[in-house]
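Report on the structure given below.
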Amino acid sequence: MSRSKINSTTRNLVLRENNKAPYLGVRGLAVILATKYKLTLSKSSIHNILKNKGVKSDLGRKPAKLAHALRMVEPCGLMVLRALDSEIGLFDYLSDELKKYFSDLDRSQLKQLIVLSSFSFLVDKNIRASLRKSGFLRVVGLRQLPAKIVDQFNQTITNKHPIVSLSKLKKELRPVSAVKFYFKDGSQGFSDGRLATFWDRPSNSEDFSLPLRVVHQRLQKMFEQKVLIIGYTRSFNYLSQAAANFSKGIKSGLAKVELIDLKGEVCDQLKPLDSELSLVFGYSPQILVPVDFPRVRLKKFKRFLDQELGEFYLLNTPTTFTFPKQNQELRLDNIQIKKGNSSVSWGFLAFLPKISKRSNLAGILTQYLYLWPYVVDEFFREVEAAEGRGRLSLTGGSPMKILPEKLIFTQPIDFVRVGQILSALFKELIGGWEPRLKSGTLSLRKGYIKIVLKQVPVKIKKAFNRSCLYIDNRRAFLD
């Protein structure tokens, strides 16, 4: 294979990818460049480009703790559909509904068989052929599976002809437009279904809605981690009363939350295991807390490195907000964030009652940025939409419109319908683009999975990453 010529464009691509993921090393960069840009560069060429720019990069393998597990997967686009299902829950639902036909299989194994069958037939491969392809098994979440179990699964489907109604799943996917919080001091607070911002009353905006299943999962995860994350406050020059009241309420403890649909009806309730939670929400330093940020020296900031998000610098300066009319004060942690010597790009206000701030603050901010990867760029558009002056159009529509009333399985190949539904849902919710046959690489880390596909439109990447999808409890990113 011929090597690519090294020119300014090539150098810029190498430096850009290294800046995004400095832990990759030259081997990982070589794979990324070949996959995304069809650039074939030797490891020594990449090393020389980095060295000439003053970037340290050893030619040898990275230490095991930093090694970026890059794995080539032929049908890598199917990982995108599998990630989307973390929001829809179709595979989990079918596993529960079909379990009565498979008493000898545990639920996790049954789910893997359903995913294997759905995706195998979707890409015109029979199940036995898929079992021989390690890359395909990674898509399913398997390392190996005895052919005997597959044969038993196929035989049961052929003999029983199960019919699965999707009515219960549709109910789990109805839009939630508002979340009502009940605090221990008797006060109440509101956010929208996306947990984007604070409201004085329940929102009924479709733009700020998410499916019931998704809102429930996000809140449950936050309760487990004892950190409630709200995207941002719509505060101009001073902290808004809605954000202040919410912060005071959370300090007293959270009693319960109610999820409210577009009709104003309560469709679900949750109670945290521990009423004492941390609270983190973002703000724009351009319009709130008038501090001369550029004059704060970089050496006062603490370095924060995340393998997916890159390098940031943080400064925590506790701030007291006064409310003269109410004769009240509110003290919150004020965390400023910047890249290098640039001005402060974003800020966080937080109430952190229990945690060790040194050890856990970076982890909390990572959770925030995983939920809101584009908030800095999209903040003003979000605010305009929340105040009724614009539309977000972050997603295409509702999954309830795509799901059929029932699925009938008379033979194993009928599971292709499941894969087709997920593919149609991707086009509806993420964008009109077909990912399933795309080849690429998987980059596996402890906290996230990066799916690297060729020639993905930028708007598709943003829509996917904004959706906050997961694979096996790891955040999924598309690149």
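Every chain in the structure tokens takes a letter, A first, then B, and so on in the order presented; its residues are numbered from 1, and the ligands are numbered from 1 following the presented order.
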
What lies within 9 Å of range 117-132 of chain A using only C-alpha atoms, ignoring chain neighbours under 6 positions off, as a ChimeraX atom specification? /A:75,78,139-140,144-147,150,412-420,436-437

Residue contacts of Val456 in chain A (8 Å, only C-alpha atoms) excluding same-chain residues fewer than 4 positions away, as a PyMOL selection string: chain A and resi 460-461+479

Write out as a PDB file with all heavy atoms, in the first residue's frame each polymer residue whose atoms come within 8 Å of range 369-378 of chain A, counting only C-alpha atoms; drop sequence neighbours fewer than 4 positions from it.
```pdb
ATOM      1  N   GLY A 231     -28.670  21.219  32.775  1.00  0.00           N
ATOM      2  CA  GLY A 231     -27.810  21.756  31.722  1.00  0.00           C
ATOM      3  C   GLY A 231     -27.289  23.166  31.955  1.00  0.00           C
ATOM      4  O   GLY A 231     -26.090  23.413  31.907  1.00  0.00           O
ATOM      5  N   SER A 284     -23.396  30.666  31.347  1.00  0.00           N
ATOM      6  CA  SER A 284     -22.542  31.348  30.371  1.00  0.00           C
ATOM      7  C   SER A 284     -21.818  32.502  31.047  1.00  0.00           C
ATOM      8  O   SER A 284     -22.466  33.415  31.574  1.00  0.00           O
ATOM      9  CB  SER A 284     -23.381  31.880  29.209  1.00  0.00           C
ATOM     10  OG  SER A 284     -22.588  32.731  28.389  1.00  0.00           O
ATOM     11  N   LEU A 309     -12.778  14.056  26.165  1.00  0.00           N
ATOM     12  CA  LEU A 309     -13.067  15.484  26.075  1.00  0.00           C
ATOM     13  C   LEU A 309     -11.819  16.326  25.840  1.00  0.00           C
ATOM     14  O   LEU A 309     -11.907  17.454  25.369  1.00  0.00           O
ATOM     15  CB  LEU A 309     -13.760  15.961  27.351  1.00  0.00           C
ATOM     16  CG  LEU A 309     -15.084  15.252  27.685  1.00  0.00           C
ATOM     17  CD1 LEU A 309     -15.554  15.664  29.069  1.00  0.00           C
ATOM     18  CD2 LEU A 309     -16.136  15.566  26.639  1.00  0.00           C
ATOM     19  N   SER A 345     -14.538  29.776  28.880  1.00  0.00           N
ATOM     20  CA  SER A 345     -15.569  29.472  27.894  1.00  0.00           C
ATOM     21  C   SER A 345     -16.886  29.044  28.519  1.00  0.00           C
ATOM     22  O   SER A 345     -17.941  29.172  27.900  1.00  0.00           O
ATOM     23  CB  SER A 345     -15.074  28.361  26.958  1.00  0.00           C
ATOM     24  OG  SER A 345     -14.784  27.175  27.692  1.00  0.00           O
ATOM     25  N   TRP A 346     -16.850  28.524  29.743  1.00  0.00           N
ATOM     26  CA  TRP A 346     -18.073  28.031  30.366  1.00  0.00           C
ATOM     27  C   TRP A 346     -17.872  27.993  31.872  1.00  0.00           C
ATOM     28  O   TRP A 346     -16.737  28.010  32.354  1.00  0.00           O
ATOM     29  CB  TRP A 346     -18.412  26.640  29.847  1.00  0.00           C
ATOM     30  CG  TRP A 346     -19.803  26.173  30.176  1.00  0.00           C
ATOM     31  CD1 TRP A 346     -20.168  25.131  30.972  1.00  0.00           C
ATOM     32  CD2 TRP A 346     -21.030  26.732  29.708  1.00  0.00           C
ATOM     33  NE1 TRP A 346     -21.525  25.003  31.041  1.00  0.00           N
ATOM     34  CE2 TRP A 346     -22.099  25.986  30.268  1.00  0.00           C
ATOM     35  CE3 TRP A 346     -21.344  27.817  28.874  1.00  0.00           C
ATOM     36  CZ2 TRP A 346     -23.437  26.270  30.032  1.00  0.00           C
ATOM     37  CZ3 TRP A 346     -22.683  28.106  28.629  1.00  0.00           C
ATOM     38  CH2 TRP A 346     -23.700  27.336  29.194  1.00  0.00           C
ATOM     39  N   LEU A 365     -17.735  16.837  36.594  1.00  0.00           N
ATOM     40  CA  LEU A 365     -17.726  17.661  35.393  1.00  0.00           C
ATOM     41  C   LEU A 365     -17.643  16.813  34.134  1.00  0.00           C
ATOM     42  O   LEU A 365     -18.184  17.180  33.091  1.00  0.00           O
ATOM     43  CB  LEU A 365     -16.572  18.663  35.454  1.00  0.00           C
ATOM     44  CG  LEU A 365     -16.663  19.677  36.597  1.00  0.00           C
ATOM     45  CD1 LEU A 365     -15.555  20.704  36.492  1.00  0.00           C
ATOM     46  CD2 LEU A 365     -18.020  20.364  36.615  1.00  0.00           C
ATOM     47  N   GLU A 382     -30.395  27.522  22.673  1.00  0.00           N
ATOM     48  CA  GLU A 382     -31.219  26.845  23.681  1.00  0.00           C
ATOM     49  C   GLU A 382     -32.082  27.861  24.430  1.00  0.00           C
ATOM     50  O   GLU A 382     -33.275  27.635  24.656  1.00  0.00           O
ATOM     51  CB  GLU A 382     -30.314  26.102  24.666  1.00  0.00           C
ATOM     52  CG  GLU A 382     -29.610  24.887  24.107  1.00  0.00           C
ATOM     53  CD  GLU A 382     -30.329  23.599  24.478  1.00  0.00           C
ATOM     54  OE1 GLU A 382     -31.318  23.671  25.240  1.00  0.00           O
ATOM     55  OE2 GLU A 382     -29.917  22.536  23.992  1.00  0.00           O
ATOM     56  N   ASN A 465     -24.166  12.311  19.331  1.00  0.00           N
ATOM     57  CA  ASN A 465     -23.447  12.590  20.585  1.00  0.00           C
ATOM     58  C   ASN A 465     -24.303  13.400  21.555  1.00  0.00           C
ATOM     59  O   ASN A 465     -24.187  13.253  22.769  1.00  0.00           O
ATOM     60  CB  ASN A 465     -22.140  13.314  20.287  1.00  0.00           C
ATOM     61  CG  ASN A 465     -21.162  12.461  19.507  1.00  0.00           C
ATOM     62  OD1 ASN A 465     -21.216  11.234  19.565  1.00  0.00           O
ATOM     63  ND2 ASN A 465     -20.282  13.089  18.755  1.00  0.00           N
ATOM     64  N   ARG A 466     -25.160  14.255  21.022  1.00  0.00           N
ATOM     65  CA  ARG A 466     -26.051  15.042  21.852  1.00  0.00           C
ATOM     66  C   ARG A 466     -27.108  14.168  22.539  1.00  0.00           C
ATOM     67  O   ARG A 466     -27.630  14.527  23.597  1.00  0.00           O
ATOM     68  CB  ARG A 466     -26.733  16.103  20.990  1.00  0.00           C
ATOM     69  CG  ARG A 466     -27.462  17.174  21.748  1.00  0.00           C
ATOM     70  CD  ARG A 466     -28.274  18.048  20.813  1.00  0.00           C
ATOM     71  NE  ARG A 466     -27.442  18.880  19.971  1.00  0.00           N
ATOM     72  CZ  ARG A 466     -27.400  18.787  18.637  1.00  0.00           C
ATOM     73  NH1 ARG A 466     -28.122  17.875  18.023  1.00  0.00           N
ATOM     74  NH2 ARG A 466     -26.641  19.592  17.938  1.00  0.00           N
ATOM     75  N   CYS A 468     -26.751  11.357  24.006  1.00  0.00           N
ATOM     76  CA  CYS A 468     -26.249  10.710  25.221  1.00  0.00           C
ATOM     77  C   CYS A 468     -26.675   9.241  25.274  1.00  0.00           C
ATOM     78  O   CYS A 468     -27.450   8.825  26.137  1.00  0.00           O
ATOM     79  CB  CYS A 468     -26.734  11.451  26.468  1.00  0.00           C
ATOM     80  SG  CYS A 468     -25.872  10.967  27.974  1.00  0.00           S
ATOM     81  N   ARG A 475     -20.657   5.284  27.885  1.00  0.00           N
ATOM     82  CA  ARG A 475     -21.109   6.350  26.996  1.00  0.00           C
ATOM     83  C   ARG A 475     -20.592   6.098  25.586  1.00  0.00           C
ATOM     84  O   ARG A 475     -19.408   5.794  25.383  1.00  0.00           O
ATOM     85  CB  ARG A 475     -20.608   7.685  27.531  1.00  0.00           C
ATOM     86  CG  ARG A 475     -20.985   8.893  26.698  1.00  0.00           C
ATOM     87  CD  ARG A 475     -22.443   9.225  26.801  1.00  0.00           C
ATOM     88  NE  ARG A 475     -22.681  10.617  26.421  1.00  0.00           N
ATOM     89  CZ  ARG A 475     -22.847  11.040  25.175  1.00  0.00           C
ATOM     90  NH1 ARG A 475     -22.823  10.179  24.162  1.00  0.00           N
ATOM     91  NH2 ARG A 475     -23.039  12.331  24.926  1.00  0.00           N
TER      92      ARG A 475
END
```

Shell of 7 Å around Leu425 in chain A, only C-alpha atoms, local chain residues under 3 positions omitted, as a VMD selection string: chain A and resid 399 402 421 to 422 428 to 429

All strand (DSSP E or B) positions in range 67-159 of chain A, as a list in words: Ala69, Leu70, Arg71, Met72 and Val73 of chain A

Those residues with N, CA, C and O atoms, as an mmCIF file, in the first residue's frame please?
```
data_model
loop_
_atom_site.group_PDB
_atom_site.id
_atom_site.type_symbol
_atom_site.label_atom_id
_atom_site.label_comp_id
_atom_site.auth_asym_id
_atom_site.auth_seq_id
_atom_site.Cartn_x
_atom_site.Cartn_y
_atom_site.Cartn_z
ATOM 1 N N ALA A 69 -7.739 0.858 22.990
ATOM 2 C CA ALA A 69 -8.086 -0.424 22.373
ATOM 3 C C ALA A 69 -8.861 -0.188 21.084
ATOM 4 O O ALA A 69 -10.079 -0.064 21.081
ATOM 5 N N LEU A 70 -8.149 -0.073 19.979
ATOM 6 C CA LEU A 70 -8.775 0.125 18.677
ATOM 7 C C LEU A 70 -9.024 -1.222 18.027
ATOM 8 O O LEU A 70 -8.110 -2.028 17.851
ATOM 9 N N ARG A 71 -10.278 -1.464 17.649
ATOM 10 C CA ARG A 71 -10.624 -2.755 17.072
ATOM 11 C C ARG A 71 -11.379 -2.525 15.769
ATOM 12 O O ARG A 71 -12.385 -1.814 15.731
ATOM 13 N N MET A 72 -10.875 -3.126 14.705
ATOM 14 C CA MET A 72 -11.557 -3.035 13.420
ATOM 15 C C MET A 72 -12.802 -3.911 13.457
ATOM 16 O O MET A 72 -12.758 -5.060 13.882
ATOM 17 N N VAL A 73 -13.921 -3.362 13.029
ATOM 18 C CA VAL A 73 -15.180 -4.099 12.984
ATOM 19 C C VAL A 73 -15.827 -3.836 11.629
ATOM 20 O O VAL A 73 -16.091 -2.678 11.280
#
```

Any chance you could list, as a PyMOL selection string, the residues in range 113-269 of chain A that come up helix (DSSP H, G or I) when DSSP is run on the backbone? chain A and resi 113-122+127-131+134-140+147-160+167-172+212-225+241-252

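Among the candidates A:Lys226, A:Phe136, A:Tyr101, A:Arg16, the one nearest to Asn360 in chain A when counting only C-alpha atoms is A:Lys226.
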
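Note that the spacing between CA of Val214 in chain A and CA of Glu276 in chain A amounts to 22.9 Å.
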
Can you work out the spacing between CA of Leu332 in chain A and CA of His216 in chain A in Å, to one decimal? 27.2 Å

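Minimum atom-to-atom distance to Arg138 in chain A, evaluated using only C-alpha atoms, belongs to A:Leu444 out of A:Val452, A:Leu444, A:Ile260, A:Ile49.
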
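One finds CA of Gly141 in chain A at 14.7 Å from CA of Glu74 in chain A.
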
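Residue nearest Val14 in chain A, chosen from A:Pro404, A:Gly282, A:Gly28, A:Pro202 and counting only C-alpha atoms: A:Gly28.
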
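Of the listed residues (A:Thr317, A:Arg143, A:Val383, A:Gly363), A:Val383 comes nearest to Ser235 in chain A; the distances count only C-alpha atoms.
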
Of the listed residues A:Val179, A:Trp199, A:Ala242, A:Glu311, that which approaches Glu258 in chain A most closely, counting only C-alpha atoms: A:Val179

Need to verify the contact set: Thr319 in chain A, 8 Å, only C-alpha atoms, exclusion of same-chain residues closer than 4 positions in sequence. Can you return it as a ChimeraX atom specification? /A:331-334

Keeping only C-alpha atoms, write the selected residues as a JSON list (two decimals), in the first residue's frame.
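Written output follows (part.json):
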```
[["chain", "number", "residue", "atom", "x", "y", "z"],
["A", 331, "ARG", "CA", -23.41, 30.46, 48.49],
["A", 332, "LEU", "CA", -22.42, 28.09, 45.67],
["A", 333, "ASP", "CA", -19.19, 26.73, 44.23],
["A", 334, "ASN", "CA", -18.36, 28.69, 41.07]]
```
